[in-house]
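Engineer: Below is the file query-v2.cif, with mmCIF, C-alpha atoms.
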data_coords
#
loop_
_atom_site.label_atom_id
_atom_site.label_comp_id
_atom_site.auth_asym_id
_atom_site.auth_seq_id
_atom_site.Cartn_x
_atom_site.Cartn_y
_atom_site.Cartn_z
CA MET L 229 29.55 -81.80 -165.40
CA SER L 230 31.96 -80.66 -162.68
CA GLN L 231 30.90 -79.72 -159.16
CA SER L 232 31.85 -76.12 -159.91
CA GLU L 233 29.61 -76.06 -163.00
CA LEU L 234 26.71 -77.52 -161.01
CA HIS L 235 27.11 -74.84 -158.36
CA GLY L 236 27.27 -72.20 -161.08
CA GLN L 237 24.03 -73.43 -162.64
CA LYS L 238 22.32 -73.42 -159.26
CA LEU L 239 23.45 -69.87 -158.57
CA ALA L 240 22.14 -68.78 -161.98
CA THR L 241 18.68 -70.08 -161.11
CA GLN L 242 18.69 -67.87 -158.01
CA ALA L 243 18.79 -64.73 -160.12
CA LEU L 244 15.53 -62.82 -160.48
CA ASP L 245 13.16 -64.47 -162.94
CA TYR L 246 12.97 -61.43 -165.19
CA VAL L 247 16.76 -61.21 -165.28
CA GLN L 248 17.20 -64.87 -166.24
CA VAL L 249 15.19 -64.40 -169.44
CA ILE L 250 17.03 -61.29 -170.69
CA SER L 251 18.81 -61.72 -174.01
CA PRO L 252 21.99 -59.61 -173.71
CA TYR L 253 22.56 -56.72 -176.10
CA VAL L 254 24.51 -57.84 -179.18
CA ILE L 255 27.29 -55.39 -179.96
CA GLY L 256 28.60 -54.64 -183.43
CA LYS L 257 31.27 -57.15 -184.42
CA PRO L 258 34.71 -55.80 -183.39
CA ILE L 259 37.40 -55.27 -186.01
CA ASP L 260 39.93 -57.42 -184.13
CA GLU L 261 37.51 -60.36 -184.04
CA VAL L 262 36.93 -60.20 -187.80
CA ALA L 263 40.69 -59.98 -188.38
CA ARG L 264 41.27 -63.13 -186.33
CA GLU L 265 38.36 -65.03 -187.84
CA PHE L 266 39.07 -64.35 -191.51
CA GLY L 267 42.77 -63.48 -191.51
CA LEU L 268 42.07 -60.02 -192.91
CA THR L 269 44.02 -56.82 -192.35
CA ASP L 270 42.02 -54.20 -194.28
CA ILE L 271 38.68 -54.11 -192.48
CA LEU L 272 35.98 -51.46 -192.79
CA LYS L 273 33.57 -51.16 -189.88
CA LEU L 274 30.32 -49.39 -190.66
CA ALA L 275 28.22 -51.15 -188.04
CA SER L 276 28.09 -48.96 -184.94
CA ASN L 277 27.50 -45.44 -186.29
CA GLU L 278 30.89 -44.11 -185.24
CA ASN L 279 32.19 -40.88 -186.74
CA PRO L 280 34.37 -41.81 -189.77
CA LEU L 281 36.42 -38.62 -189.25
CA GLY L 282 37.60 -39.85 -185.85
CA ALA L 283 37.54 -37.81 -182.66
CA SER L 284 37.31 -34.06 -182.28
CA PRO L 285 40.83 -32.59 -182.62
CA SER L 286 40.11 -30.40 -179.60
CA ALA L 287 39.34 -33.51 -177.56
CA ARG L 288 42.56 -35.16 -178.67
CA ARG L 289 44.58 -32.13 -177.56
CA ALA L 290 42.80 -31.99 -174.21
CA LEU L 291 43.88 -35.53 -173.40
CA GLN L 292 47.58 -34.80 -173.93
CA ASP L 293 47.78 -32.81 -170.69
CA LEU L 294 45.98 -35.29 -168.43
CA THR L 295 48.52 -36.93 -166.12
CA ASP L 296 46.74 -37.49 -162.80
CA LEU L 297 45.47 -40.95 -163.67
CA HIS L 298 45.85 -42.09 -160.05
CA ILE L 299 43.21 -39.58 -158.92
CA TYR L 300 39.50 -40.34 -159.03
CA PRO L 301 37.51 -38.23 -161.49
CA ASP L 302 35.25 -35.43 -160.37
CA GLY L 303 32.16 -37.46 -159.49
CA GLY L 304 29.92 -34.46 -159.99
CA GLY L 305 31.42 -33.53 -163.36
CA PHE L 306 31.47 -29.84 -162.40
CA ALA L 307 33.47 -28.54 -165.38
CA LEU L 308 31.62 -30.56 -168.04
CA LYS L 309 28.23 -29.75 -166.56
CA GLY L 310 29.21 -26.08 -166.61
CA ALA L 311 30.21 -26.30 -170.27
CA ILE L 312 26.93 -28.04 -171.14
CA ALA L 313 24.96 -25.47 -169.15
CA ARG L 314 26.64 -22.61 -171.06
CA ALA L 315 26.29 -24.32 -174.44
CA PHE L 316 22.58 -25.02 -174.06
CA ASP L 317 21.53 -22.35 -171.57
CA TRP L 318 20.56 -24.89 -168.93
CA VAL L 319 20.89 -24.89 -165.16
CA PRO L 320 23.62 -27.29 -163.91
CA ALA L 321 21.15 -28.81 -161.43
CA GLY L 322 19.15 -30.00 -164.44
CA ILE L 323 22.08 -31.91 -165.98
CA ILE L 324 23.35 -35.41 -165.26
CA LEU L 325 26.29 -37.21 -166.86
CA GLY L 326 26.47 -40.84 -167.87
CA ASN L 327 28.80 -43.53 -169.12
CA GLY L 328 27.39 -42.98 -172.58
CA SER L 329 23.70 -42.23 -173.06
CA ASN L 330 23.00 -45.95 -172.49
CA ASP L 331 23.86 -45.37 -168.85
CA LEU L 332 21.31 -42.57 -168.67
CA LEU L 333 18.57 -44.76 -170.15
CA GLU L 334 19.36 -47.35 -167.47
CA LEU L 335 19.23 -44.69 -164.76
CA ALA L 336 15.78 -43.57 -165.91
CA ALA L 337 14.57 -47.17 -165.83
CA ARG L 338 16.04 -47.85 -162.39
CA ALA L 339 14.54 -44.69 -160.94
CA TYR L 340 11.05 -44.99 -162.43
CA LEU L 341 10.34 -48.63 -163.33
CA ALA L 342 9.62 -51.68 -161.18
CA PRO L 343 7.42 -54.80 -161.19
CA GLY L 344 3.82 -53.71 -161.71
CA ARG L 345 4.81 -50.71 -163.84
CA ASN L 346 5.35 -50.52 -167.59
CA ALA L 347 7.27 -48.60 -170.22
CA VAL L 348 5.87 -47.70 -173.64
CA PHE L 349 7.99 -47.55 -176.78
CA SER L 350 7.71 -48.28 -180.48
CA ALA L 351 8.57 -51.43 -182.33
CA TYR L 352 11.93 -51.19 -184.12
CA ALA L 353 13.22 -48.86 -181.39
CA PHE L 354 16.64 -48.96 -179.74
CA ALA L 355 17.16 -52.40 -178.19
CA VAL L 356 18.29 -50.96 -174.85
CA TYR L 357 14.76 -49.70 -174.07
CA ALA L 358 13.52 -53.26 -173.80
CA LEU L 359 16.61 -54.45 -171.91
CA ALA L 360 16.50 -51.62 -169.38
CA THR L 361 12.79 -52.18 -168.81
CA GLN L 362 13.10 -55.93 -168.40
CA ALA L 363 16.01 -55.58 -165.96
CA THR L 364 13.71 -53.74 -163.55
CA GLY L 365 10.93 -56.33 -163.73
CA ALA L 366 8.63 -53.84 -165.41
CA ARG L 367 6.53 -54.69 -168.47
CA ALA L 368 7.50 -53.49 -171.93
CA LYS L 369 4.51 -52.26 -173.96
CA ILE L 370 5.85 -52.36 -177.50
CA VAL L 371 3.57 -50.42 -179.84
CA PRO L 372 3.40 -51.47 -183.51
CA ALA L 373 5.23 -49.03 -185.76
CA LEU L 374 3.77 -47.36 -188.83
CA PRO L 375 3.44 -49.91 -191.65
CA ALA L 376 6.11 -50.55 -194.25
CA THR L 377 3.68 -49.11 -196.81
CA HIS L 378 3.34 -45.77 -195.02
CA PRO L 379 3.79 -43.04 -197.66
CA THR L 380 6.26 -40.85 -195.76
CA MET L 381 7.60 -42.69 -192.70
CA PRO L 382 7.67 -46.49 -193.13
CA TYR L 383 8.52 -48.27 -189.86
CA GLY L 384 8.33 -44.96 -187.98
CA ALA L 385 6.92 -44.46 -184.49
CA ASP L 386 3.12 -44.25 -184.38
CA LEU L 387 2.68 -41.52 -181.77
CA THR L 388 -1.11 -41.76 -181.77
CA ALA L 389 -0.92 -45.45 -180.94
CA MET L 390 1.79 -44.85 -178.36
CA ALA L 391 -0.35 -42.26 -176.57
CA ALA L 392 -3.27 -44.69 -176.57
CA ALA L 393 -1.06 -47.42 -175.07
CA ILE L 394 -0.31 -45.38 -171.94
CA ASP L 395 -2.29 -46.65 -168.98
CA ALA L 396 -2.40 -46.25 -165.21
CA GLN L 397 0.71 -48.42 -164.80
CA THR L 398 2.84 -46.55 -167.34
CA SER L 399 5.77 -44.72 -165.76
CA VAL L 400 8.12 -44.18 -168.70
CA VAL L 401 7.90 -43.59 -172.45
CA PHE L 402 11.06 -44.07 -174.52
CA LEU L 403 11.27 -42.26 -177.85
CA ALA L 404 14.36 -41.76 -180.02
CA ASN L 405 14.43 -38.89 -182.49
CA PRO L 406 15.91 -39.71 -184.97
CA ASN L 407 15.33 -43.38 -184.23
CA ASN L 408 17.93 -46.12 -184.18
CA PRO L 409 18.05 -48.49 -186.09
CA THR L 410 15.61 -47.11 -188.67
CA GLY L 411 16.70 -43.46 -188.95
CA THR L 412 13.04 -42.35 -188.93
CA TRP L 413 11.87 -39.29 -187.02
CA VAL L 414 8.83 -37.43 -185.72
CA ASP L 415 8.35 -33.80 -186.62
CA ALA L 416 7.86 -30.91 -184.23
CA ALA L 417 4.09 -30.67 -184.50
CA GLN L 418 3.62 -34.41 -184.00
CA LEU L 419 5.88 -34.51 -180.97
CA ARG L 420 4.25 -31.52 -179.32
CA ALA L 421 0.79 -33.03 -179.80
CA PHE L 422 2.05 -36.29 -178.32
CA LEU L 423 3.54 -34.60 -175.27
CA ASN L 424 0.28 -32.78 -174.68
CA ALA L 425 -1.46 -36.17 -174.66
CA VAL L 426 0.96 -37.81 -172.21
CA PRO L 427 -0.09 -37.58 -168.54
CA PRO L 428 2.26 -35.20 -166.71
CA HIS L 429 3.33 -37.89 -164.21
CA VAL L 430 4.74 -40.12 -167.00
CA LEU L 431 8.42 -39.55 -167.78
CA VAL L 432 9.13 -39.16 -171.49
CA VAL L 433 12.75 -40.06 -172.23
CA LEU L 434 13.58 -38.32 -175.50
CA ASP L 435 16.69 -40.01 -176.85
CA GLU L 436 18.52 -37.53 -179.10
CA ALA L 437 21.74 -39.46 -179.67
CA TYR L 438 21.67 -38.60 -183.38
CA SER L 439 20.08 -35.15 -183.26
CA GLU L 440 23.34 -33.31 -184.01
CA TYR L 441 23.39 -34.92 -187.45
CA VAL L 442 20.07 -33.35 -188.44
CA ASP L 443 20.62 -30.47 -190.85
CA ARG L 444 20.27 -27.15 -189.03
CA CYS L 445 17.70 -25.93 -191.55
CA TRP L 446 15.28 -28.54 -190.21
CA TYR L 447 15.45 -26.84 -186.83
CA ALA L 448 15.36 -23.31 -188.25
CA ASP L 449 12.06 -23.80 -190.08
CA GLY L 450 10.48 -25.72 -187.24
CA ARG L 451 10.21 -29.10 -188.94
CA PHE L 452 12.45 -30.98 -186.52
CA PRO L 453 11.86 -30.56 -182.78
CA ASP L 454 14.57 -29.43 -180.38
CA GLY L 455 14.16 -31.57 -177.29
CA LEU L 456 15.79 -28.96 -175.09
CA VAL L 457 13.11 -26.44 -176.03
CA LEU L 458 10.40 -28.98 -175.25
CA ALA L 459 12.02 -29.93 -171.95
CA ARG L 460 11.65 -26.32 -170.80
CA GLU L 461 7.93 -26.48 -171.50
CA PHE L 462 7.22 -30.05 -170.34
CA PRO L 463 8.75 -30.93 -166.94
CA ASN L 464 8.20 -34.65 -167.64
CA VAL L 465 10.60 -34.63 -170.63
CA LEU L 466 14.12 -35.94 -170.07
CA VAL L 467 16.46 -35.43 -173.04
CA THR L 468 19.47 -37.74 -173.44
CA ARG L 469 22.41 -37.01 -175.73
CA THR L 470 25.80 -38.58 -176.32
CA PHE L 471 29.38 -37.67 -177.20
CA SER L 472 29.81 -41.05 -178.94
CA LYS L 473 28.44 -40.02 -182.33
CA ILE L 474 29.14 -36.66 -183.96
CA TYR L 475 31.79 -35.72 -181.37
CA GLY L 476 33.69 -38.95 -182.10
CA LEU L 477 34.25 -40.07 -178.49
CA ALA L 478 32.66 -43.52 -178.59
CA ALA L 479 35.67 -45.18 -176.94
CA LEU L 480 35.43 -42.92 -173.89
CA ARG L 481 31.71 -43.49 -173.18
CA VAL L 482 30.21 -40.20 -172.06
CA GLY L 483 26.73 -38.76 -172.45
CA PHE L 484 24.46 -36.30 -170.70
CA ALA L 485 20.78 -35.80 -169.93
CA VAL L 486 18.89 -32.60 -169.22
CA GLY L 487 15.54 -32.18 -167.56
CA ALA L 488 13.76 -30.79 -164.55
CA PRO L 489 16.15 -30.61 -161.56
CA GLU L 490 13.67 -32.71 -159.54
CA VAL L 491 13.86 -35.52 -162.11
CA ILE L 492 17.65 -35.27 -162.37
CA ALA L 493 17.87 -35.57 -158.59
CA MET L 494 16.04 -38.93 -158.75
CA LEU L 495 18.40 -40.26 -161.42
CA ASP L 496 21.36 -39.06 -159.36
CA ARG L 497 20.20 -41.29 -156.50
CA VAL L 498 20.75 -44.44 -158.55
CA ARG L 499 23.87 -43.26 -160.40
CA GLN L 500 27.14 -45.00 -159.62
CA PRO L 501 29.83 -42.76 -158.11
CA PHE L 502 32.49 -41.74 -160.64
CA ASN L 503 30.43 -43.15 -163.53
CA VAL L 504 32.30 -40.93 -166.03
CA ASN L 505 36.09 -41.19 -166.08
CA SER L 506 38.52 -38.28 -166.13
CA LEU L 507 39.57 -38.81 -169.75
CA ALA L 508 35.96 -38.69 -170.88
CA LEU L 509 35.18 -35.58 -168.83
CA LYS L 510 38.12 -33.64 -170.29
CA ALA L 511 37.59 -34.80 -173.86
CA ALA L 512 33.85 -34.12 -173.83
CA GLU L 513 34.32 -30.60 -172.47
CA ALA L 514 36.76 -29.81 -175.27
CA ALA L 515 34.71 -31.52 -177.99
CA LEU L 516 31.60 -29.58 -177.04
CA GLY L 517 33.23 -26.38 -178.24
CA ASP L 518 34.79 -27.81 -181.40
CA HIS L 519 32.21 -26.25 -183.71
CA GLU L 520 34.32 -26.55 -186.86
CA PHE L 521 34.67 -30.32 -186.40
CA ILE L 522 30.97 -30.74 -185.62
CA GLU L 523 29.95 -28.78 -188.71
CA ARG L 524 32.41 -30.67 -190.92
CA SER L 525 31.11 -34.01 -189.61
CA ARG L 526 27.53 -32.93 -190.28
CA ARG L 527 28.38 -31.72 -193.81
CA ILE L 528 30.24 -34.89 -194.82
CA ASN L 529 27.49 -37.06 -193.37
CA ALA L 530 24.79 -35.16 -195.31
CA ALA L 531 26.68 -35.63 -198.57
CA GLY L 532 27.30 -39.29 -197.82
CA LEU L 533 23.68 -39.95 -196.87
CA GLU L 534 22.45 -38.32 -200.10
CA PHE L 535 24.93 -40.37 -202.11
CA MET L 536 23.96 -43.67 -200.47
CA VAL L 537 20.22 -43.09 -200.84
CA ALA L 538 20.68 -42.32 -204.55
CA ALA L 539 22.94 -45.36 -204.99
CA PHE L 540 20.37 -47.69 -203.46
CA ALA L 541 17.61 -46.17 -205.60
CA LYS L 542 19.65 -47.03 -208.70
CA ARG L 543 19.87 -50.59 -207.41
CA ASN L 544 16.11 -50.76 -206.69
CA LEU L 545 16.79 -51.37 -203.00
CA ALA L 546 14.29 -49.70 -200.68
CA VAL L 547 15.72 -47.34 -198.08
CA ILE L 548 14.00 -46.24 -194.88
CA PRO L 549 14.08 -42.41 -194.66
CA SER L 550 16.87 -41.28 -192.32
CA LEU L 551 18.12 -38.06 -190.74
CA ALA L 552 20.88 -39.82 -188.80
CA ASN L 553 24.41 -40.92 -189.74
CA PHE L 554 23.30 -44.29 -191.07
CA VAL L 555 20.93 -45.73 -193.61
CA THR L 556 18.78 -48.85 -193.26
CA VAL L 557 18.12 -50.68 -196.50
CA ALA L 558 16.08 -53.73 -197.55
CA VAL L 559 18.43 -56.17 -199.28
CA GLY L 560 16.00 -58.91 -200.35
CA PHE L 561 17.71 -61.65 -198.35
CA PRO L 562 17.83 -62.46 -194.63
CA ALA L 563 20.13 -59.89 -193.08
CA GLY L 564 22.36 -62.48 -191.43
CA LEU L 565 23.27 -64.00 -194.80
CA VAL L 566 24.24 -60.61 -196.20
CA PHE L 567 26.20 -59.83 -193.03
CA ASP L 568 28.18 -63.08 -193.39
CA ALA L 569 28.95 -62.39 -197.05
CA LEU L 570 30.17 -58.87 -196.32
CA LEU L 571 32.35 -60.07 -193.43
CA LYS L 572 34.32 -62.23 -195.83
CA ALA L 573 35.03 -59.06 -197.82
CA GLY L 574 36.25 -57.29 -194.69
CA VAL L 575 33.17 -55.06 -194.36
CA ILE L 576 31.20 -54.98 -191.10
CA ILE L 577 27.62 -53.71 -191.15
CA ARG L 578 24.71 -54.20 -188.75
CA PRO L 579 22.18 -56.91 -189.65
CA LEU L 580 18.68 -56.28 -188.29
CA GLY L 581 17.68 -59.91 -188.54
CA GLY L 582 19.12 -63.40 -188.56
CA ARG L 583 19.52 -65.96 -191.30
CA VAL L 584 15.80 -66.53 -191.83
CA ASP L 585 13.23 -64.12 -193.27
CA THR L 586 10.74 -63.58 -190.44
CA GLY L 587 9.19 -60.38 -191.78
CA GLY L 588 9.53 -56.89 -190.32
CA LEU L 589 13.14 -55.76 -190.65
CA SER L 590 14.65 -59.23 -190.92
CA CYS L 591 15.85 -58.53 -194.48
CA HIS L 592 17.25 -55.09 -193.64
CA ILE L 593 20.81 -54.05 -192.88
CA ARG L 594 22.00 -50.81 -191.30
CA ILE L 595 25.07 -49.11 -192.76
CA THR L 596 26.90 -46.23 -191.10
CA ILE L 597 27.62 -43.34 -193.44
CA GLY L 598 31.38 -43.22 -193.97
CA THR L 599 33.78 -41.16 -196.02
CA ALA L 600 33.30 -41.05 -199.79
CA ALA L 601 35.83 -43.86 -200.28
CA GLN L 602 34.26 -45.98 -197.53
CA ASN L 603 30.79 -45.53 -199.01
CA GLU L 604 32.05 -46.68 -202.41
CA ARG L 605 33.72 -49.71 -200.86
CA VAL L 606 30.66 -50.91 -198.97
CA LEU L 607 28.50 -50.52 -202.07
CA ASP L 608 30.95 -52.54 -204.16
CA ALA L 609 31.10 -55.27 -201.51
CA LEU L 610 27.31 -55.31 -201.21
CA ASP L 611 26.88 -55.59 -204.99
CA LYS L 612 29.12 -58.66 -205.03
CA ALA L 613 27.48 -60.20 -201.96
CA LEU L 614 23.96 -59.80 -203.35
CA ALA L 615 25.03 -61.12 -206.77
CA GLN L 616 26.46 -64.22 -205.09
CA LEU L 617 23.29 -64.75 -203.02
CA ARG L 618 21.08 -64.35 -206.10
CA SER L 619 23.21 -66.87 -207.95
CA GLU L 620 22.92 -69.37 -205.12
CA ALA L 621 19.15 -68.85 -204.93
CA ARG L 622 18.60 -69.84 -208.58
#
Please render this file's structure as structure tokens.
Structural biologist:
Amino acid sequence: MSQSELHGQKLATQALDYVQVISPYVIGKPIDEVAREFGLTDILKLASNENPLGASPSARRALQDLTDLHIYPDGGGFALKGAIARAFDWVPAGIILGNGSNDLLELAARAYLAPGRNAVFSAYAFAVYALATQATGARAKIVPALPATHPTMPYGADLTAMAAAIDAQTSVVFLANPNNPTGTWVDAAQLRAFLNAVPPHVLVVLDEAYSEYVDRCWYADGRFPDGLVLAREFPNVLVTRTFSKIYGLAALRVGFAVGAPEVIAMLDRVRQPFNVNSLALKAAEAALGDHEFIERSRRINAAGLEFMVAAFAKRNLAVIPSLANFVTVAVGFPAGLVFDALLKAGVIIRPLGGRVDTGGLSCHIRITIGTAAQNERVLDALDKALAQLRSEAR
């Protein structure tokens, strides 16, 4: 080992103990990497829940006129905050922008968590909740989810158990609705009862990254909760949303959070200056008003989700109920093996486990809903992959 490597190892051991043990977030496999690895040119990526229709046309047009790339972006995001405030009838002082909603989750953790404190969230929740908590030295209290045999919401968040897990050291609760990676959700009555049970000094981060994909009728009849409505009633609710999903701006990384101005002010204290770039600010402002594109994306996703659920039922593969733009399905083999088989066919999905069946979701894969042709292709590739694995298992 070289002297430089020895020095590097020594420096690594000087990092905070709770940072040294973090397992970094594993991103969806990039298309370019699969192309290099397997020599493929026609690759379908349905791993990261991106919009298969691409970006909002309004956002694309907005970027054509941006020429001042040598000028720093507006660090306060005045124009985008104003557009969000008008769209959702919110005061600008109660809005903060982030480099994707991941950034906002990190800001909440940095502002409210520390050694000696804890965060409560469900098992099978978004991986960033655990990472953001651990990076602050706080304790993650992971509450068992509803059982796989639950009649209506297998693997869903158990709000009763989550409320019971809150103690004197709890500062933050993370809850995604719909949840990633399962697609499960909590209804309006359940969420309201939960919020009434949470002490008012505990910050509830309501992650609504996928809420725009929920059919509007679910909101109209009161089945699905609107976090923005709840945030008006409960000052300890912080709602995070993103432009990466239905708006199709994943490459630009921009999200926003709304909440009580006093809470937003605390997050703003730990926010990096210029955390959202000029391209993202312009594109997001334009995309926010592209109602035709949003509705078309929602409509195509609903049809695709219905098609995929029915297709898996015909194949006797159990699907976790979803209101998002993806479906999580039990494939009967360790997810890593199915992932590898699909890669060779040029199809990228998200495995929720490795190459060994360890229970839980280890034999589940998550598939983004694509266009009709993309959905057919992933099903065909999956049929062949599972047939091959069954043959090898005999």
Engineer: Identify which of the residues L:Phe484, L:Tyr383, L:Tyr447, L:Tyr352 lies closest to L:Phe402, counting only C-alpha atoms when measuring atom-to-atom distances.
Structural biologist: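 Nearest candidate to L:Phe402 out of L:Phe484, L:Tyr383, L:Tyr447, L:Tyr352: L:Tyr352.
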Engineer: Would you pick out the contacts of stretch 485-498 of chain L at 6 Å or less, using all atoms listed in the file, so that residues sharing its chain but fewer than 3 positions from it are not included, and give the list as an NGL selection string?
Structural biologist: :L and (321-324 or 335 or 339 or 463 or 466-468)
Engineer: Distance atom CA of L:Gly582-atom CA of L:Lys369, one decimal place?
Structural biologist: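 About the pair atom CA of L:Gly582 and atom CA of L:Lys369: they are 23.5 Å apart.
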Engineer: Apply the PyMOL selection byres ((chain L and resi 558) around 10) to the file shown and report the selected residues as an MDAnalysis selection string.
Structural biologist: chainID L and resid 540 544:548 556:557 559:563 580 589:594
Engineer: Within 9 Å of L:Leu268, counting all atoms listed in the file, which residues qualify if same-chain residues fewer than 4 places away don't, as a PyMOL selection string?
Structural biologist: chain L and resi 262-264+572-574
Engineer: Enumerate, in order of chain and increasing residue number, the residues of stretch 327-437 of chain L with an atom no farther than 12 Å from stretch 583-588 of chain L, each with its shortest atom pair and distance in Å to one decimal, counting all atoms listed in the file, as a Markdown table.
Structural biologist:
| residue | atom | partner | partner_atom | distance |
| --- | --- | --- | --- | --- |
| L:Ala351 | CA | L:Gly588 | CA | 9.7 |
| L:Tyr352 | CA | L:Gly588 | CA | 8.8 |
| L:Pro372 | CA | L:Gly588 | CA | 10.6 |
| L:Ala373 | CA | L:Gly588 | CA | 10.1 |
| L:Leu374 | CA | L:Gly588 | CA | 11.2 |
| L:Pro375 | CA | L:Gly588 | CA | 9.4 |
| L:Ala376 | CA | L:Gly588 | CA | 8.2 |
| L:Thr377 | CA | L:Gly588 | CA | 11.7 |
| L:Pro382 | CA | L:Gly588 | CA | 10.9 |
| L:Tyr383 | CA | L:Gly588 | CA | 8.7 |
| L:Thr410 | CA | L:Gly588 | CA | 11.6 |
Engineer: Please save C-alpha atoms of the selected residues as a tab-separated table (two decimals), in the coordinates of the input.
Structural biologist:
chain	number	residue	atom	x	y	z
L	351	ALA	CA	8.57	-51.43	-182.33
L	352	TYR	CA	11.93	-51.19	-184.12
L	372	PRO	CA	3.40	-51.47	-183.51
L	373	ALA	CA	5.23	-49.03	-185.76
L	374	LEU	CA	3.77	-47.36	-188.83
L	375	PRO	CA	3.44	-49.91	-191.65
L	376	ALA	CA	6.11	-50.55	-194.25
L	377	THR	CA	3.68	-49.11	-196.81
L	382	PRO	CA	7.67	-46.49	-193.13
L	383	TYR	CA	8.52	-48.27	-189.86
L	410	THR	CA	15.61	-47.11	-188.67
Engineer: Would you mind reading off the distance between atom CA of L:Gly483 and atom CA of L:Leu244, one decimal, in Å?
Structural biologist: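 Straight-line distance from atom CA of L:Gly483 to atom CA of L:Leu244 works out to 29.1 Å.
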Engineer: What is the distance, in Å and to one decimal place, between atom CA of L:Leu403 and atom CA of L:Ser350?
Structural biologist: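 Distance between the two atoms: 7.5 Å.
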Engineer: Could you give me, as a compact mmCIF listing (two decimals) with C-alpha atoms, in the frame of the given file, the residues that sit within 6 Å of (9.3, -44.1, -187.4) in the file's coordinates, counting all atoms listed in the file?
Structural biologist:
# COMPACT_ATOMS: atom_id res chain seq x y z
CA MET L 381 7.60 -42.69 -192.70
CA TYR L 383 8.52 -48.27 -189.86
CA GLY L 384 8.33 -44.96 -187.98
CA ALA L 385 6.92 -44.46 -184.49
CA THR L 412 13.04 -42.35 -188.93
CA TRP L 413 11.87 -39.29 -187.02
Engineer: Quick one: everything within 9 Å of L:Asp518, counting only C-alpha atoms, minus sequence neighbours fewer than 2 positions away in the same chain. Send it as a list in words.
Structural biologist: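 The residues that qualify are Ser284, Pro285, Ser286, Ala287, Tyr475, Ala514, Ala515, Leu516, Glu520, Phe521, Ile522 and Glu523 of chain L.
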Engineer: Would you mind putting N, CA and C atoms back on stretch 556-570 of chain L and writing the result as a PDB file, keeping the file's coordinate frame?
Structural biologist:
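Contents of part17.pdb, freshly written:
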ATOM      1  N   THR L 556      19.268 -47.483-193.374  1.00  0.00           N
ATOM      2  CA  THR L 556      18.780 -48.850-193.260  1.00  0.00           C
ATOM      3  C   THR L 556      18.103 -49.220-194.568  1.00  0.00           C
ATOM      4  N   VAL L 557      18.527 -50.333-195.146  1.00  0.00           N
ATOM      5  CA  VAL L 557      18.120 -50.680-196.500  1.00  0.00           C
ATOM      6  C   VAL L 557      17.637 -52.133-196.545  1.00  0.00           C
ATOM      7  N   ALA L 558      16.589 -52.372-197.328  1.00  0.00           N
ATOM      8  CA  ALA L 558      16.080 -53.730-197.550  1.00  0.00           C
ATOM      9  C   ALA L 558      16.903 -54.382-198.649  1.00  0.00           C
ATOM     10  N   VAL L 559      17.490 -55.543-198.343  1.00  0.00           N
ATOM     11  CA  VAL L 559      18.430 -56.170-199.280  1.00  0.00           C
ATOM     12  C   VAL L 559      17.861 -57.403-199.971  1.00  0.00           C
ATOM     13  N   GLY L 560      16.629 -57.809-199.634  1.00  0.00           N
ATOM     14  CA  GLY L 560      16.000 -58.910-200.350  1.00  0.00           C
ATOM     15  C   GLY L 560      16.384 -60.288-199.890  1.00  0.00           C
ATOM     16  N   PHE L 561      17.293 -60.379-198.937  1.00  0.00           N
ATOM     17  CA  PHE L 561      17.710 -61.650-198.350  1.00  0.00           C
ATOM     18  C   PHE L 561      17.777 -61.485-196.839  1.00  0.00           C
ATOM     19  N   PRO L 562      17.668 -62.574-196.081  1.00  0.00           N
ATOM     20  CA  PRO L 562      17.830 -62.460-194.630  1.00  0.00           C
ATOM     21  C   PRO L 562      19.126 -61.730-194.283  1.00  0.00           C
ATOM     22  N   ALA L 563      19.007 -60.776-193.371  1.00  0.00           N
ATOM     23  CA  ALA L 563      20.130 -59.890-193.080  1.00  0.00           C
ATOM     24  C   ALA L 563      21.376 -60.632-192.640  1.00  0.00           C
ATOM     25  N   GLY L 564      21.203 -61.724-191.908  1.00  0.00           N
ATOM     26  CA  GLY L 564      22.360 -62.480-191.430  1.00  0.00           C
ATOM     27  C   GLY L 564      23.192 -63.057-192.559  1.00  0.00           C
ATOM     28  N   LEU L 565      22.532 -63.458-193.650  1.00  0.00           N
ATOM     29  CA  LEU L 565      23.270 -64.000-194.800  1.00  0.00           C
ATOM     30  C   LEU L 565      24.092 -62.909-195.468  1.00  0.00           C
ATOM     31  N   VAL L 566      23.513 -61.733-195.592  1.00  0.00           N
ATOM     32  CA  VAL L 566      24.240 -60.610-196.200  1.00  0.00           C
ATOM     33  C   VAL L 566      25.396 -60.185-195.303  1.00  0.00           C
ATOM     34  N   PHE L 567      25.152 -60.156-194.011  1.00  0.00           N
ATOM     35  CA  PHE L 567      26.200 -59.830-193.030  1.00  0.00           C
ATOM     36  C   PHE L 567      27.382 -60.777-193.179  1.00  0.00           C
ATOM     37  N   ASP L 568      27.106 -62.076-193.259  1.00  0.00           N
ATOM     38  CA  ASP L 568      28.180 -63.080-193.390  1.00  0.00           C
ATOM     39  C   ASP L 568      28.978 -62.863-194.675  1.00  0.00           C
ATOM     40  N   ALA L 569      28.267 -62.591-195.769  1.00  0.00           N
ATOM     41  CA  ALA L 569      28.950 -62.390-197.050  1.00  0.00           C
ATOM     42  C   ALA L 569      29.842 -61.161-197.021  1.00  0.00           C
ATOM     43  N   LEU L 570      29.377 -60.103-196.383  1.00  0.00           N
ATOM     44  CA  LEU L 570      30.170 -58.870-196.320  1.00  0.00           C
ATOM     45  C   LEU L 570      31.367 -59.038-195.388  1.00  0.00           C
TER      46      LEU L 570
END
